[in-house]
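**Student:** My structure is in my_file_2.txt, and what it holds is compact mmCIF, C-alpha atoms:
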# COMPACT_ATOMS: atom_id res chain seq x y z
CA MET V 12 0.00 0.00 0.00
CA PHE V 13 2.82 2.39 0.94
CA ASN V 14 4.55 1.68 -2.38
CA ILE V 15 1.38 2.55 -4.29
CA VAL V 16 1.00 5.87 -2.46
CA LEU V 17 4.67 6.68 -3.08
CA LEU V 18 4.25 5.88 -6.76
CA VAL V 19 1.22 8.17 -7.04
CA VAL V 20 3.13 11.02 -5.38
CA LEU V 21 6.08 10.57 -7.73
CA VAL V 22 3.80 10.53 -10.78
CA LEU V 23 2.07 13.72 -9.63
CA GLU V 24 5.40 15.43 -9.09
CA ILE V 25 6.63 14.41 -12.53
CA GLN V 26 3.42 15.66 -14.18
CA ALA V 27 3.22 18.90 -12.19
CA ASP V 28 3.12 22.22 -14.01
CA LYS V 29 6.38 24.16 -13.95
CA LEU V 30 6.84 27.58 -12.36
CA VAL V 31 9.00 29.54 -14.80
CA GLN V 32 9.17 33.08 -13.43
CA ILE V 33 7.74 35.49 -10.89
CA GLN V 34 7.42 39.25 -11.14
CA ALA V 35 6.50 41.21 -8.01
CA LEU V 36 5.31 44.78 -7.58
CA TRP V 37 5.12 46.07 -4.03
CA ARG V 38 4.65 49.18 -1.96
CA HIS V 39 7.40 50.25 0.40
CA GLY V 40 7.08 49.59 4.12
CA ALA V 41 5.92 51.97 6.84
CA ARG V 42 7.45 55.44 6.61
CA THR V 43 7.62 58.78 8.34
CA PRO V 44 4.96 61.36 7.35
CA ILE V 45 5.09 63.42 4.18
CA PHE V 46 2.35 65.97 4.92
CA CYS V 47 2.82 68.89 7.29
CA ASN V 48 -0.43 68.84 9.26
CA TRP V 49 -0.71 67.01 12.57
CA ASN V 50 2.33 67.32 14.88
CA CYS V 51 4.05 69.19 12.08
CA MET V 52 6.57 71.15 14.15
CA TYR V 53 7.87 67.98 15.79
CA PHE V 54 8.25 66.11 12.51
CA ARG V 55 9.85 69.11 10.84
CA SER V 56 12.32 69.77 13.68
CA HIS V 57 13.43 66.14 13.49
CA GLU V 58 13.64 66.26 9.65
CA MET V 59 11.07 63.48 9.35
CA LEU V 60 8.75 64.95 6.71
CA GLU V 61 10.51 63.12 3.90
CA GLY V 62 8.73 59.77 4.03
CA TYR V 63 11.78 57.86 5.25
CA LEU V 64 11.47 54.11 5.77
CA THR V 65 11.20 53.33 9.48
CA PRO V 66 12.26 50.23 11.47
CA THR V 67 8.63 49.06 11.24
CA GLY V 68 8.79 49.32 7.45
CA MET V 69 12.07 47.41 7.37
CA ARG V 70 10.55 44.63 9.47
CA GLN V 71 7.47 44.43 7.22
CA HIS V 72 9.57 43.82 4.14
CA TYR V 73 11.97 41.53 5.94
CA VAL V 74 9.02 39.30 6.88
CA LEU V 75 7.64 39.52 3.33
CA GLY V 76 11.05 38.40 2.09
CA GLN V 77 10.92 35.41 4.42
CA TRP V 78 7.45 34.58 3.03
CA MET V 79 8.84 34.79 -0.51
CA ARG V 80 11.74 32.53 0.45
CA GLU V 81 9.43 29.86 1.84
CA LYS V 82 7.21 29.94 -1.24
CA TYR V 83 9.69 30.32 -4.08
CA ILE V 84 12.93 28.87 -2.74
CA VAL V 85 11.91 26.18 -0.26
CA LYS V 86 8.56 25.02 -1.67
CA ASN V 87 8.61 25.70 -5.42
CA LYS V 88 12.42 25.67 -5.78
CA LEU V 89 12.31 28.35 -8.45
CA LEU V 90 15.28 30.27 -7.05
CA SER V 91 18.64 29.18 -5.71
CA ASP V 92 19.12 28.84 -1.97
CA THR V 93 21.79 31.55 -2.06
CA PHE V 94 21.55 34.81 -3.96
CA ASN V 95 22.30 34.41 -7.65
CA ALA V 96 22.53 37.69 -9.58
CA SER V 97 21.80 35.93 -12.87
CA GLU V 98 18.35 34.90 -11.57
CA ILE V 99 17.12 38.17 -10.12
CA THR V 100 16.82 41.82 -11.19
CA ILE V 101 15.49 44.52 -8.88
CA TYR V 102 14.04 47.91 -9.80
CA ALA V 103 13.10 50.66 -7.37
CA THR V 104 11.94 54.22 -7.79
CA ASP V 105 14.64 56.74 -7.00
CA VAL V 106 13.33 57.23 -3.45
CA ASN V 107 15.00 56.17 -0.20
CA ARG V 108 12.02 54.22 1.16
CA THR V 109 11.56 52.04 -1.92
CA ILE V 110 15.29 51.31 -2.21
CA MET V 111 15.57 50.40 1.47
CA SER V 112 12.38 48.31 1.30
CA ALA V 113 13.93 46.21 -1.45
CA MET V 114 17.09 45.78 0.62
CA SER V 115 15.08 44.77 3.69
CA ASN V 116 12.99 42.34 1.66
CA PHE V 117 15.97 40.50 0.25
CA GLN V 118 17.64 40.29 3.63
CA GLY V 119 14.56 38.27 4.58
CA MET V 120 15.00 36.03 1.55
CA TYR V 121 18.74 35.54 2.05
CA SER V 122 19.29 36.33 5.74
CA ASN V 123 22.57 34.98 7.16
CA ASN V 124 23.17 33.41 3.78
CA GLY V 125 25.77 35.69 2.24
CA PRO V 126 28.99 34.49 0.58
CA ASN V 127 32.37 33.60 2.08
CA VAL V 128 35.72 34.72 0.71
CA PRO V 129 37.87 31.94 -0.79
CA ASN V 130 40.20 30.20 1.68
CA ASN V 131 43.40 30.83 -0.22
CA VAL V 132 43.02 34.54 -1.00
CA GLU V 133 45.97 36.46 0.44
CA GLU V 134 44.92 38.45 3.50
CA SER V 135 46.25 41.73 2.13
CA PHE V 136 43.82 41.42 -0.79
CA LEU V 137 40.86 41.45 1.62
CA LYS V 138 41.56 44.97 2.86
CA PRO V 139 41.47 48.43 1.27
CA PRO V 140 44.73 50.40 0.89
CA ASN V 141 43.90 52.65 3.86
CA PRO V 142 46.45 52.43 6.73
CA ASN V 143 45.41 50.27 9.69
CA ALA V 144 42.18 49.14 7.98
CA LYS V 145 41.23 45.65 9.09
CA PRO V 146 38.04 43.59 9.61
CA ASP V 147 36.56 42.46 12.93
CA ASP V 148 38.54 39.72 14.61
CA ASP V 149 35.58 37.30 14.52
CA ILE V 150 34.60 37.80 10.88
CA GLY V 151 36.22 34.55 9.79
CA GLN V 152 35.69 33.73 6.11
CA GLN V 153 32.46 35.75 5.82
CA ALA V 154 32.60 38.37 3.09
CA ILE V 155 30.53 40.65 5.33
CA LYS V 156 29.97 40.06 9.03
CA HIS V 157 26.78 38.14 9.89
CA GLN V 158 26.85 36.84 6.29
CA ILE V 159 24.82 39.77 4.99
CA GLN V 160 24.00 39.53 1.28
CA VAL V 161 24.61 42.71 -0.75
CA LEU V 162 22.07 43.45 -3.50
CA PRO V 163 22.20 45.26 -6.85
CA ILE V 164 19.20 47.62 -7.16
CA HIS V 165 18.46 49.46 -10.38
CA MET V 166 16.87 52.91 -10.49
CA ARG V 167 15.77 55.20 -13.25
CA ALA V 168 15.91 58.96 -12.93
CA ALA V 169 12.60 60.18 -11.53
CA LEU V 170 11.91 62.33 -14.60
CA THR V 171 12.12 59.34 -16.95
CA ASP V 172 10.61 56.59 -14.78
CA ILE V 173 7.39 56.02 -16.73
CA GLN V 174 7.21 52.34 -15.72
CA LEU V 175 6.73 52.95 -11.98
CA ARG V 176 5.84 56.65 -11.77
CA ALA V 177 3.54 57.29 -14.73
CA TYR V 178 0.86 58.66 -12.39
CA GLY V 179 2.43 62.11 -12.04
CA ALA V 180 4.04 64.97 -13.89
CA PRO V 181 6.39 65.39 -15.65
CA GLN V 182 6.30 61.68 -16.57
CA CYS V 183 2.70 62.20 -17.75
CA ALA V 184 2.13 65.83 -18.66
CA GLN V 185 -1.64 65.40 -18.39
CA ALA V 186 -1.55 63.90 -14.87
CA ALA V 187 -2.25 67.22 -13.12
CA LYS V 188 -5.18 67.86 -15.46
CA PHE V 189 -6.56 64.38 -14.78
CA GLN V 190 -6.40 64.98 -11.03
CA ILE V 191 -8.15 68.35 -11.18
CA GLU V 192 -10.94 66.92 -13.34
CA ASN V 193 -11.31 63.90 -11.05
CA GLN V 194 -11.99 66.06 -8.00
CA HIS V 195 -15.14 67.50 -9.59
CA THR V 196 -16.88 64.38 -10.88
CA GLU V 197 -20.31 63.10 -9.92
CA LEU V 198 -18.70 60.16 -8.15
CA VAL V 199 -16.64 62.46 -5.91
CA LYS V 200 -19.75 64.54 -5.18
CA ASN V 201 -21.66 61.45 -4.06
CA VAL V 202 -18.81 60.28 -1.82
CA SER V 203 -18.42 63.81 -0.41
CA VAL V 204 -22.12 63.96 0.47
CA LYS V 205 -21.82 60.62 2.25
CA ALA V 206 -18.68 61.81 4.08
CA HIS V 207 -20.07 65.25 5.00
CA ASP V 208 -20.95 64.46 8.60
CA THR V 209 -17.66 62.63 9.07
CA ILE V 210 -15.74 65.67 7.80
CA ILE V 211 -17.59 68.00 10.20
CA GLN V 212 -16.99 65.62 13.11
CA PHE V 213 -13.34 65.20 12.12
CA CYS V 214 -12.76 68.97 11.86
CA ASN V 215 -14.42 69.65 15.21
CA GLU V 216 -12.27 67.11 17.03
CA MET V 217 -9.11 68.27 15.24
CA ASN V 218 -9.97 71.99 15.69
CA ILE V 219 -9.89 72.61 11.93
CA ASP V 220 -12.03 75.06 9.95
CA PRO V 221 -14.43 72.82 7.98
CA ASN V 222 -14.94 75.42 5.24
CA ASN V 223 -13.35 74.22 1.98
CA PHE V 224 -12.18 71.06 3.77
CA THR V 225 -12.69 68.04 1.48
CA ILE V 226 -12.26 64.27 1.58
CA PHE V 227 -8.88 64.82 -0.06
CA ASN V 228 -7.75 67.14 2.75
CA MET V 229 -8.90 64.56 5.26
CA SER V 230 -6.98 61.83 3.45
CA GLU V 231 -3.74 63.80 3.95
CA TYR V 232 -4.34 63.84 7.68
CA MET V 233 -5.15 60.12 7.62
CA ASP V 234 -1.88 59.48 5.78
CA THR V 235 -0.03 61.15 8.66
CA PHE V 236 -2.04 59.14 11.19
CA TYR V 237 -1.12 55.90 9.44
CA SER V 238 2.54 56.82 9.83
CA SER V 239 1.92 57.65 13.48
CA ILE V 240 0.11 54.40 14.27
CA TYR V 241 2.66 52.17 12.54
CA ASN V 242 5.63 53.90 14.15
CA ASP V 243 4.33 54.71 17.65
CA TYR V 244 4.20 58.49 17.11
CA PRO V 245 1.66 60.52 19.12
CA MET V 246 -1.96 60.66 17.92
CA PRO V 247 -4.40 63.57 18.36
CA PRO V 248 -5.81 63.26 21.89
CA ASN V 249 -9.28 64.52 20.94
CA LEU V 250 -9.80 62.34 17.86
CA LYS V 251 -12.28 59.64 18.76
CA LYS V 252 -11.90 56.09 17.47
CA GLU V 253 -15.36 56.22 15.90
CA THR V 254 -14.41 59.34 13.95
CA TYR V 255 -11.07 57.85 12.94
CA ASP V 256 -12.76 54.69 11.62
CA LYS V 257 -15.25 56.70 9.56
CA ALA V 258 -12.47 58.87 8.15
CA ASP V 259 -10.44 55.74 7.39
CA ALA V 260 -13.32 54.28 5.37
CA ALA V 261 -13.33 57.38 3.15
CA TYR V 262 -9.53 57.47 3.02
CA SER V 263 -9.42 53.98 1.51
CA LEU V 264 -10.74 55.19 -1.84
CA THR V 265 -9.31 58.71 -2.13
CA ILE V 266 -6.22 57.69 -4.12
CA ALA V 267 -8.36 55.93 -6.72
CA LEU V 268 -10.79 58.86 -6.85
CA LYS V 269 -8.02 61.42 -7.27
CA LEU V 270 -5.76 59.59 -9.71
CA TYR V 271 -7.55 56.81 -11.55
CA GLN V 272 -11.26 57.42 -12.00
CA THR V 273 -11.58 56.78 -15.71
CA TRP V 274 -10.65 53.69 -17.66
CA LYS V 275 -8.60 55.86 -20.03
CA GLN V 276 -6.49 57.19 -17.16
CA ILE V 277 -5.88 53.66 -15.91
CA THR V 278 -4.99 52.10 -19.25
CA THR V 279 -2.86 55.04 -20.37
CA GLN V 280 -0.73 55.33 -17.26
CA SER V 281 -0.31 51.57 -16.76
CA ALA V 282 0.85 50.95 -20.35
CA PRO V 283 4.62 51.43 -19.76
CA PHE V 284 4.59 49.04 -16.80
CA PHE V 285 2.92 46.28 -18.79
CA ASP V 286 5.33 46.82 -21.69
CA GLN V 287 8.18 45.99 -19.31
CA LEU V 288 6.31 43.10 -17.67
CA PHE V 289 5.62 41.50 -21.06
CA ASP V 290 9.23 42.04 -22.14
CA TYR V 291 10.54 40.05 -19.17
CA THR V 292 7.84 37.42 -19.67
CA GLU V 293 8.74 36.92 -23.32
CA LYS V 294 12.41 36.57 -22.42
CA ALA V 295 11.58 33.93 -19.80
CA LEU V 296 9.63 31.95 -22.41
CA SER V 297 12.22 32.40 -25.15
CA LYS V 298 14.13 29.31 -26.18
CA SER V 299 17.00 31.32 -27.65
CA GLU V 300 20.33 30.80 -25.90
CA ASN V 301 21.25 34.41 -26.66
CA THR V 302 18.29 35.82 -24.70
CA LYS V 303 19.09 36.74 -21.11
CA SER V 304 16.14 36.13 -18.81
CA PHE V 305 15.48 36.38 -15.08
CA LYS V 306 13.48 34.09 -12.82
CA TYR V 307 12.52 36.90 -10.45
CA VAL V 308 11.83 40.51 -11.42
CA VAL V 309 11.09 43.02 -8.65
CA TYR V 310 9.45 46.46 -8.80
CA SER V 311 9.74 48.34 -5.50
CA ALA V 312 7.37 51.29 -5.69
CA HIS V 313 4.46 53.09 -4.03
CA ASP V 314 0.81 52.74 -3.04
CA VAL V 315 -0.26 54.73 -6.10
CA THR V 316 1.65 52.31 -8.35
CA VAL V 317 0.01 49.27 -6.76
CA GLN V 318 -3.43 50.93 -7.00
CA LEU V 319 -2.88 51.75 -10.68
CA ILE V 320 -1.83 48.26 -11.71
CA ALA V 321 -4.53 46.58 -9.60
CA SER V 322 -7.08 48.79 -11.37
CA ALA V 323 -5.67 47.85 -14.78
CA LEU V 324 -6.02 44.18 -13.80
CA ASN V 325 -9.69 44.89 -13.01
CA ILE V 326 -9.38 43.60 -9.45
CA THR V 327 -10.27 47.03 -8.08
CA SER V 328 -11.43 50.44 -9.28
CA ALA V 329 -12.52 53.83 -7.98
CA GLU V 330 -16.07 52.94 -8.97
CA CYS V 331 -16.31 49.64 -7.10
CA MET V 332 -14.58 51.09 -4.04
CA ALA V 333 -17.06 53.97 -4.03
CA GLN V 334 -19.96 51.51 -4.38
CA VAL V 335 -18.75 49.72 -1.26
CA TYR V 336 -18.46 53.01 0.63
CA LEU V 337 -21.89 54.22 -0.52
CA GLY V 338 -23.54 50.91 0.35
CA GLN V 339 -24.52 50.24 -3.26
CA GLU V 340 -24.47 46.96 -5.15
CA VAL V 341 -20.89 46.24 -6.23
CA GLN V 342 -20.69 45.48 -9.94
CA ASN V 343 -17.13 44.12 -9.89
CA LYS V 344 -17.32 40.97 -7.77
CA ASN V 345 -13.50 40.84 -7.57
CA CYS V 346 -13.34 44.34 -6.08
CA ILE V 347 -10.53 44.92 -3.60
CA TYR V 348 -11.99 47.84 -1.66
CA THR V 349 -9.20 48.23 0.90
CA TYR V 350 -6.37 50.73 0.64
CA PRO V 351 -3.01 49.31 -0.61
CA GLY V 352 -1.27 49.68 2.74
CA PHE V 353 2.41 49.43 3.57
CA ALA V 354 4.14 46.44 1.90
CA SER V 355 1.05 45.59 -0.21
CA ASN V 356 2.10 43.51 -3.18
CA ILE V 357 1.05 41.99 -6.49
CA ILE V 358 2.85 38.86 -7.73
CA TRP V 359 2.66 37.45 -11.26
CA GLU V 360 3.45 33.73 -11.33
CA LEU V 361 4.29 32.48 -14.82
CA TRP V 362 3.61 28.75 -15.18
CA GLN V 363 3.85 26.23 -18.01
CA GLU V 364 1.41 23.36 -18.31
CA ASP V 365 3.03 19.96 -18.05
CA THR V 366 1.29 18.35 -21.03
CA THR V 367 1.10 21.26 -23.51
CA ASN V 368 3.85 23.60 -22.27
CA GLU V 369 1.24 26.35 -22.65
CA PRO V 370 2.23 29.32 -20.41
CA TYR V 371 -0.30 30.84 -18.03
CA PHE V 372 -0.44 33.42 -15.27
CA LYS V 373 -1.56 33.26 -11.69
CA ILE V 374 -1.72 36.61 -9.91
CA LEU V 375 -1.59 37.01 -6.15
CA TYR V 376 -2.68 40.17 -4.34
CA ASN V 377 -1.18 40.18 -0.85
CA GLY V 378 -0.74 36.42 -1.10
CA THR V 379 -4.28 35.62 -2.30
CA GLU V 380 -4.86 34.27 -5.82
CA MET V 381 -7.19 36.52 -7.82
CA ASN V 382 -9.69 35.69 -10.55
CA LEU V 383 -8.30 36.68 -13.96
CA CYS V 384 -9.31 37.33 -17.55
CA ASN V 385 -12.89 38.23 -16.51
CA LYS V 386 -13.51 34.64 -15.47
CA ASN V 387 -14.21 32.77 -12.28
CA SER V 388 -10.74 31.26 -12.47
CA THR V 389 -7.34 32.09 -10.98
CA LYS V 390 -5.62 30.71 -14.06
CA CYS V 391 -5.31 32.70 -17.28
CA PHE V 392 -3.31 31.59 -20.30
CA TYR V 393 -0.59 34.07 -21.09
CA LYS V 394 -1.75 34.61 -24.67
CA GLU V 395 -5.25 35.52 -23.51
CA PHE V 396 -3.96 37.73 -20.69
CA LYS V 397 -1.67 39.64 -23.04
CA GLU V 398 -4.42 40.10 -25.63
CA LEU V 399 -6.72 41.58 -22.98
CA ILE V 400 -4.08 44.02 -21.75
CA LEU V 401 -3.05 45.06 -25.26
CA ALA V 402 -6.71 45.53 -26.27
CA GLN V 403 -7.26 47.97 -23.41
CA LYS V 404 -3.80 49.55 -23.54
CA GLY V 405 -3.71 53.31 -23.93
CA ASP V 406 -1.30 55.39 -25.97
CA PHE V 407 0.95 56.76 -23.25
CA GLU V 408 2.85 59.25 -25.41
CA LYS V 409 -0.28 60.61 -27.06
CA ASP V 410 -2.68 60.66 -24.11
CA CYS V 411 -0.07 62.05 -21.73
CA ASP V 412 1.16 64.62 -24.26
CA ILE V 413 4.73 63.40 -24.15
CA GLU V 414 6.78 65.74 -26.32
CA ILE V 415 9.39 63.93 -28.35
CA GLU V 416 12.04 66.36 -29.51
CA PRO V 417 12.40 66.21 -33.29
CA ILE V 418 15.75 65.42 -34.83
CA ILE V 419 16.86 68.69 -36.46
CA GLU V 420 19.17 68.44 -39.42
CA TYR V 421 21.41 71.45 -39.45
CA ARG V 422 22.48 72.51 -43.00
CA VAL V 423 25.50 74.77 -43.61
CA PRO V 424 24.78 77.48 -46.21
CA VAL V 425 26.54 77.09 -49.59
CA TRP V 426 28.20 80.52 -49.38
CA MET V 427 29.74 79.62 -46.02
CA THR V 428 31.06 76.34 -47.39
CA THR V 429 32.57 78.14 -50.41
CA LEU V 430 34.28 80.79 -48.29
CA THR V 431 35.64 78.13 -45.97
CA ILE V 432 37.17 76.21 -48.89
CA ILE V 433 38.70 79.40 -50.34
CA PHE V 434 40.13 80.31 -46.92
CA ILE V 435 41.66 76.84 -46.51
CA VAL V 436 43.18 77.01 -50.03
CA ILE V 437 44.73 80.44 -49.25
CA ILE V 438 46.18 79.16 -45.95
CA VAL V 439 47.62 76.08 -47.69
CA GLY V 440 49.03 78.34 -50.44
CA PHE V 441 50.75 80.58 -47.89
CA CYS V 442 52.22 77.49 -46.20
CA PHE V 443 53.70 76.19 -49.43
CA TYR V 444 54.99 79.66 -50.34
CA GLY V 445 56.59 79.95 -46.89
CA ILE V 446 58.28 76.58 -47.33
CA TYR V 447 59.54 77.69 -50.78
CA LEU V 448 60.99 80.94 -49.39
CA TYR V 449 62.64 79.07 -46.52
CA LYS V 450 64.34 76.65 -48.93
CA GLN V 451 65.40 79.52 -51.23
CA ILE V 452 67.02 81.41 -48.35
CA ARG V 453 68.86 78.27 -47.20
CA GLN V 454 70.11 77.71 -50.75
CA ASP V 455 71.32 81.33 -51.12
CA LYS V 456 73.21 81.10 -47.79
CA THR V 457 74.90 77.88 -48.92
CA LEU V 458 76.07 79.45 -52.22
CA LEU V 459 77.31 82.56 -50.40
CA SER V 460 79.37 80.54 -47.94
CA GLN V 461 80.93 78.53 -50.79
CA ASN V 462 81.93 81.66 -52.68
CA MET V 463 83.60 83.12 -49.59
Take the structure in the file and write it out as structure tokens.

**Tutor:**
Amino acid sequence: MFNIVLLVVLVLEIQADKLVQIQALWRHGARTPIFCNWNCMYFRSHEMLEGYLTPTGMRQHYVLGQWMREKYIVKNKLLSDTFNASEITIYATDVNRTIMSAMSNFQGMYSNNGPNVPNNVEESFLKPPNPNAKPDDDIGQQAIKHQIQVLPIHMRAALTDIQLRAYGAPQCAQAAKFQIENQHTELVKNVSVKAHDTIIQFCNEMNIDPNNFTIFNMSEYMDTFYSSIYNDYPMPPNLKKETYDKADAAYSLTIALKLYQTWKQITTQSAPFFDQLFDYTEKALSKSENTKSFKYVVYSAHDVTVQLIASALNITSAECMAQVYLGQEVQNKNCIYTYPGFASNIIWELWQEDTTNEPYFKILYNGTEMNLCNKNSTKCFYKEFKELILAQKGDFEKDCDIEIEPIIEYRVPVWMTTLTIIFIVIIVGFCFYGIYLYKQIRQDKTLLSQNM
């Protein structure tokens, strides 16, 4: 009986689908505030209003990295047990908190698993040329103490990062216009009416003038409160929990309302990201030996990036989030109506079927498999998934008014060319004439000396 069970297990393992690649987009971990509202003087005096990653944020991504290790190194054996640069490429926006989040995450994946220096390398080669520079006495053969693994992280200049920061200007010149228009839509009016009493209550407890105070102003305060709660900073003493919870419910959808209300905005601004995602997918599926591919591609970014891509995948939207808030029937049954909090993540798993080798995607949002391709299924063949994305894809350059500088061909006028040639001929003529005179003088001196 035991032999039969063992045989069945072996057959299932042999016939199992193959995990080929993963691509992960995540938000950075908990940070310091970025808005100067509550407790502003304290945050400003301590230079904390820059959204720096905090120890809480580091821990969040460290734990996420451990989760990734268990799933993709231990269980699925997609990645090597120790860091292999040929398997992994990491992108982050050019912001401290996203860079440090990526570093923290990979310390979780490869903690205490860094390399050792070779045994026979001469000791003098292991030190810099600075006088008296030497490692700790107990470092042993570890390249870095505690076997820390160093990571290569790639960044694009903020002005040109259209893959991870297409939601703002100057990457998308129309972004500011989109945001202004979005704040005056019927959907925002309906949400504002629903939130009216909450805003009044919030302003009274915070001692704020409620005139011209909107759900978007309240969301900035809530952003600061999130930073305070996650990092044990003080909270407003007069803000009641009931008020906070009501404000939090409105806060959950303000990013989507402000940035991504229309399908055109979503498909336009997500287009560069999907171009890159498909490029890495195609390389992973390529059978060419000359094509360099990675098993793990990382995008370390922001809440607005996660919200944008989740909306493009049709697993959330401003509309469905507003329907939840307004107590209406939700049309999108896959709607994620919660805010993409610190360390929220989307993972694309690229699989190949065992029998047909047909590639397909599974997509996980915060570790949960999502229904894809407008079906009640968590499995979507890659060809179908790509066709859906390309069918909805916007024209980023056109819709965002990206100005591409024309190549200007500078032509030199004919008269200038003619004068230049004449000038060169005259100079050359003078040179030859000078050489002739020099030789003639030398010859005359020689004859004179002979005669004397």

**Student:** Can you pull out every residue within 10 Å of range 200-211 of chain V, counting all atoms listed in the file, but drop anything in the same chain fewer than 3 positions away, and send it as a PyMOL selection string?

**Tutor:** chain V and resi 194-197+214-217+219-222+224-229+253-258+260-261+264-265+268+333-334+336-337

**Student:** Generate the output file for the selected residues, C-alpha atoms, as a PDB file, in the frame of the given file.

**Tutor:**
ATOM      1  CA  GLN V 194     -11.990  66.060  -8.000  1.00  0.00           C
ATOM      2  CA  HIS V 195     -15.140  67.500  -9.590  1.00  0.00           C
ATOM      3  CA  THR V 196     -16.880  64.380 -10.880  1.00  0.00           C
ATOM      4  CA  GLU V 197     -20.310  63.100  -9.920  1.00  0.00           C
ATOM      5  CA  CYS V 214     -12.760  68.970  11.860  1.00  0.00           C
ATOM      6  CA  ASN V 215     -14.420  69.650  15.210  1.00  0.00           C
ATOM      7  CA  GLU V 216     -12.270  67.110  17.030  1.00  0.00           C
ATOM      8  CA  MET V 217      -9.110  68.270  15.240  1.00  0.00           C
ATOM      9  CA  ILE V 219      -9.890  72.610  11.930  1.00  0.00           C
ATOM     10  CA  ASP V 220     -12.030  75.060   9.950  1.00  0.00           C
ATOM     11  CA  PRO V 221     -14.430  72.820   7.980  1.00  0.00           C
ATOM     12  CA  ASN V 222     -14.940  75.420   5.240  1.00  0.00           C
ATOM     13  CA  PHE V 224     -12.180  71.060   3.770  1.00  0.00           C
ATOM     14  CA  THR V 225     -12.690  68.040   1.480  1.00  0.00           C
ATOM     15  CA  ILE V 226     -12.260  64.270   1.580  1.00  0.00           C
ATOM     16  CA  PHE V 227      -8.880  64.820  -0.060  1.00  0.00           C
ATOM     17  CA  ASN V 228      -7.750  67.140   2.750  1.00  0.00           C
ATOM     18  CA  MET V 229      -8.900  64.560   5.260  1.00  0.00           C
ATOM     19  CA  GLU V 253     -15.360  56.220  15.900  1.00  0.00           C
ATOM     20  CA  THR V 254     -14.410  59.340  13.950  1.00  0.00           C
ATOM     21  CA  TYR V 255     -11.070  57.850  12.940  1.00  0.00           C
ATOM     22  CA  ASP V 256     -12.760  54.690  11.620  1.00  0.00           C
ATOM     23  CA  LYS V 257     -15.250  56.700   9.560  1.00  0.00           C
ATOM     24  CA  ALA V 258     -12.470  58.870   8.150  1.00  0.00           C
ATOM     25  CA  ALA V 260     -13.320  54.280   5.370  1.00  0.00           C
ATOM     26  CA  ALA V 261     -13.330  57.380   3.150  1.00  0.00           C
ATOM     27  CA  LEU V 264     -10.740  55.190  -1.840  1.00  0.00           C
ATOM     28  CA  THR V 265      -9.310  58.710  -2.130  1.00  0.00           C
ATOM     29  CA  LEU V 268     -10.790  58.860  -6.850  1.00  0.00           C
ATOM     30  CA  ALA V 333     -17.060  53.970  -4.030  1.00  0.00           C
ATOM     31  CA  GLN V 334     -19.960  51.510  -4.380  1.00  0.00           C
ATOM     32  CA  TYR V 336     -18.460  53.010   0.630  1.00  0.00           C
ATOM     33  CA  LEU V 337     -21.890  54.220  -0.520  1.00  0.00           C
TER      34      LEU V 337
END

**Student:** Could you tell me how far CA of Ala186 in chain V sits from CA of Phe396 in chain V, in Å to one decimal place?

**Tutor:** 26.9 Å

**Student:** Would you work out the distance separating CA of His313 in chain V from CA of Glu293 in chain V, expressed in Å to one decimal?

**Tutor:** 25.5 Å

**Student:** Using all atoms listed in the file, which of V:Cys384, V:Leu448, V:Leu175, V:Met111 sits nearest Pro66 in chain V?

**Tutor:** V:Met111

**Student:** From the options V:Asn95, V:Gln34, V:Thr349, V:Thr428, which residue's atoms come nearest to Leu288 in chain V, counting all atoms listed in the file?

**Tutor:**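 Of the candidates, the smallest distance to Leu288 in chain V is held by V:Gln34.
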
**Student:** With all atoms listed in the file as the basis for distance, which of V:Thr104, V:Asn124, V:Gln212, V:Ser112 is at the shortest distance from Ile173 in chain V?

**Tutor:** V:Thr104

**Student:** Which one of V:Ser311, V:Asn130, V:Ser304, V:Asn223 sits closest to Ile101 in chain V if you count only C-alpha atoms?

**Tutor:**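 Using only C-alpha atoms, the shortest distance to Ile101 in chain V belongs to V:Ser311.
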
**Student:** Residues within 12 Å of range 235-244 of chain V, please, as a PyMOL selection string. Count only C-alpha atoms; anything in the same chain fewer than 2 positions from it doesn't count.

**Tutor:** chain V and resi 40-51+53-54+59-71+228-233+246-247+250+255-256+258-259+262-263+350+352-353
